[in-house]
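First up is the structure itself, then whatever we jot down about it.
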Amino acid sequence: MTRRDDRVSINREFASVDELIHEYVVNVSRTGAFIRSKDPLPVGTRVNLKFTVIMDELEEIEGIGEVVRVTKTGMGVVFRELTSHSYMLLAKLMTLPLMSPKK
C-alpha cells in the first residue's frame, strides 16, 4: 500500500448536490478547518483536502490534513501539508477585514 492509499479525499469537486450537502467546510483558520459531515472520519485519518474559498475570485486550498477532532456535526482537520499557493491564500484570507452587513 502506498502512502497515498492511506488517505481519503475530502471536498473534491462534487458530482452532485447531495455530496455538497453531505460534506463541506464551515470554518477555516491558518492551521486547519472544520468540515461539516454526516459521516465524520475517525481521529488520526489522513485526508487529501481540496476546497474552494471566496476571495476576489474563487480560490482553491489544496493539501493533506489529519482528522484531530470528531463531533456529531463533523470533524476538525489540521493542515499537515499544503501547497505553497494554499499557504499564501490562507495568509491573505486571515488578514481580510470582516464585512459588516449593510443596513
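Letters for chains follow the order of the C-alpha cells (A, B, ...), residue numbers begin at 1 for each chain, and ligand numbers begin at 1 in the order shown.
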Find the residues near A:Glu66: any atom within 9 Å, counting only C-alpha atoms, skip ones fewer than 6 places away on the same chain, and give them as a PyMOL selection string.
chain A and resi 43-48+76-80
Selection: 10 Å around A:Glu59, only C-alpha atoms, excl. self and same-chain fewer than 5 positions, as a ChimeraX atom specification
/A:51-54,85-86,89
With distances taken over only C-alpha atoms, which residue among A:Leu41, A:Val28, A:Ala33, A:Met88 lies nearest A:Thr71?
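Ranked by minimum distance to A:Thr71, first place goes to A:Leu41.
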Nearest to A:Tyr24 among A:Gly63, A:Met75, A:Pro42, A:Glu57, with distances taken over only C-alpha atoms: which residue is it?
A:Met75
Give me, please, the distance in Å between atom CA of A:Thr83 and atom CA of A:Glu60, quoted to one decimal.
10.1 Å
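Relative to atom CA of A:Val70, atom CA of A:Lys38 is found at 11.1 Å.
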Nearest residue to A:Val25 from the set A:Val68, A:Met55, A:Asp39, A:Gly74 (distances using only C-alpha atoms)
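Looking at the shortest contact to A:Val25, the residue is A:Gly74.
The residue that comes closest to A:Gly32, out of A:Asp56, A:Glu81, A:Lys92, A:Thr73 and on the basis of only C-alpha atoms, is A:Glu81.
Interatomic distance, atom CA of A:Met94 against atom CA of A:Ser29: 7.2 Å.
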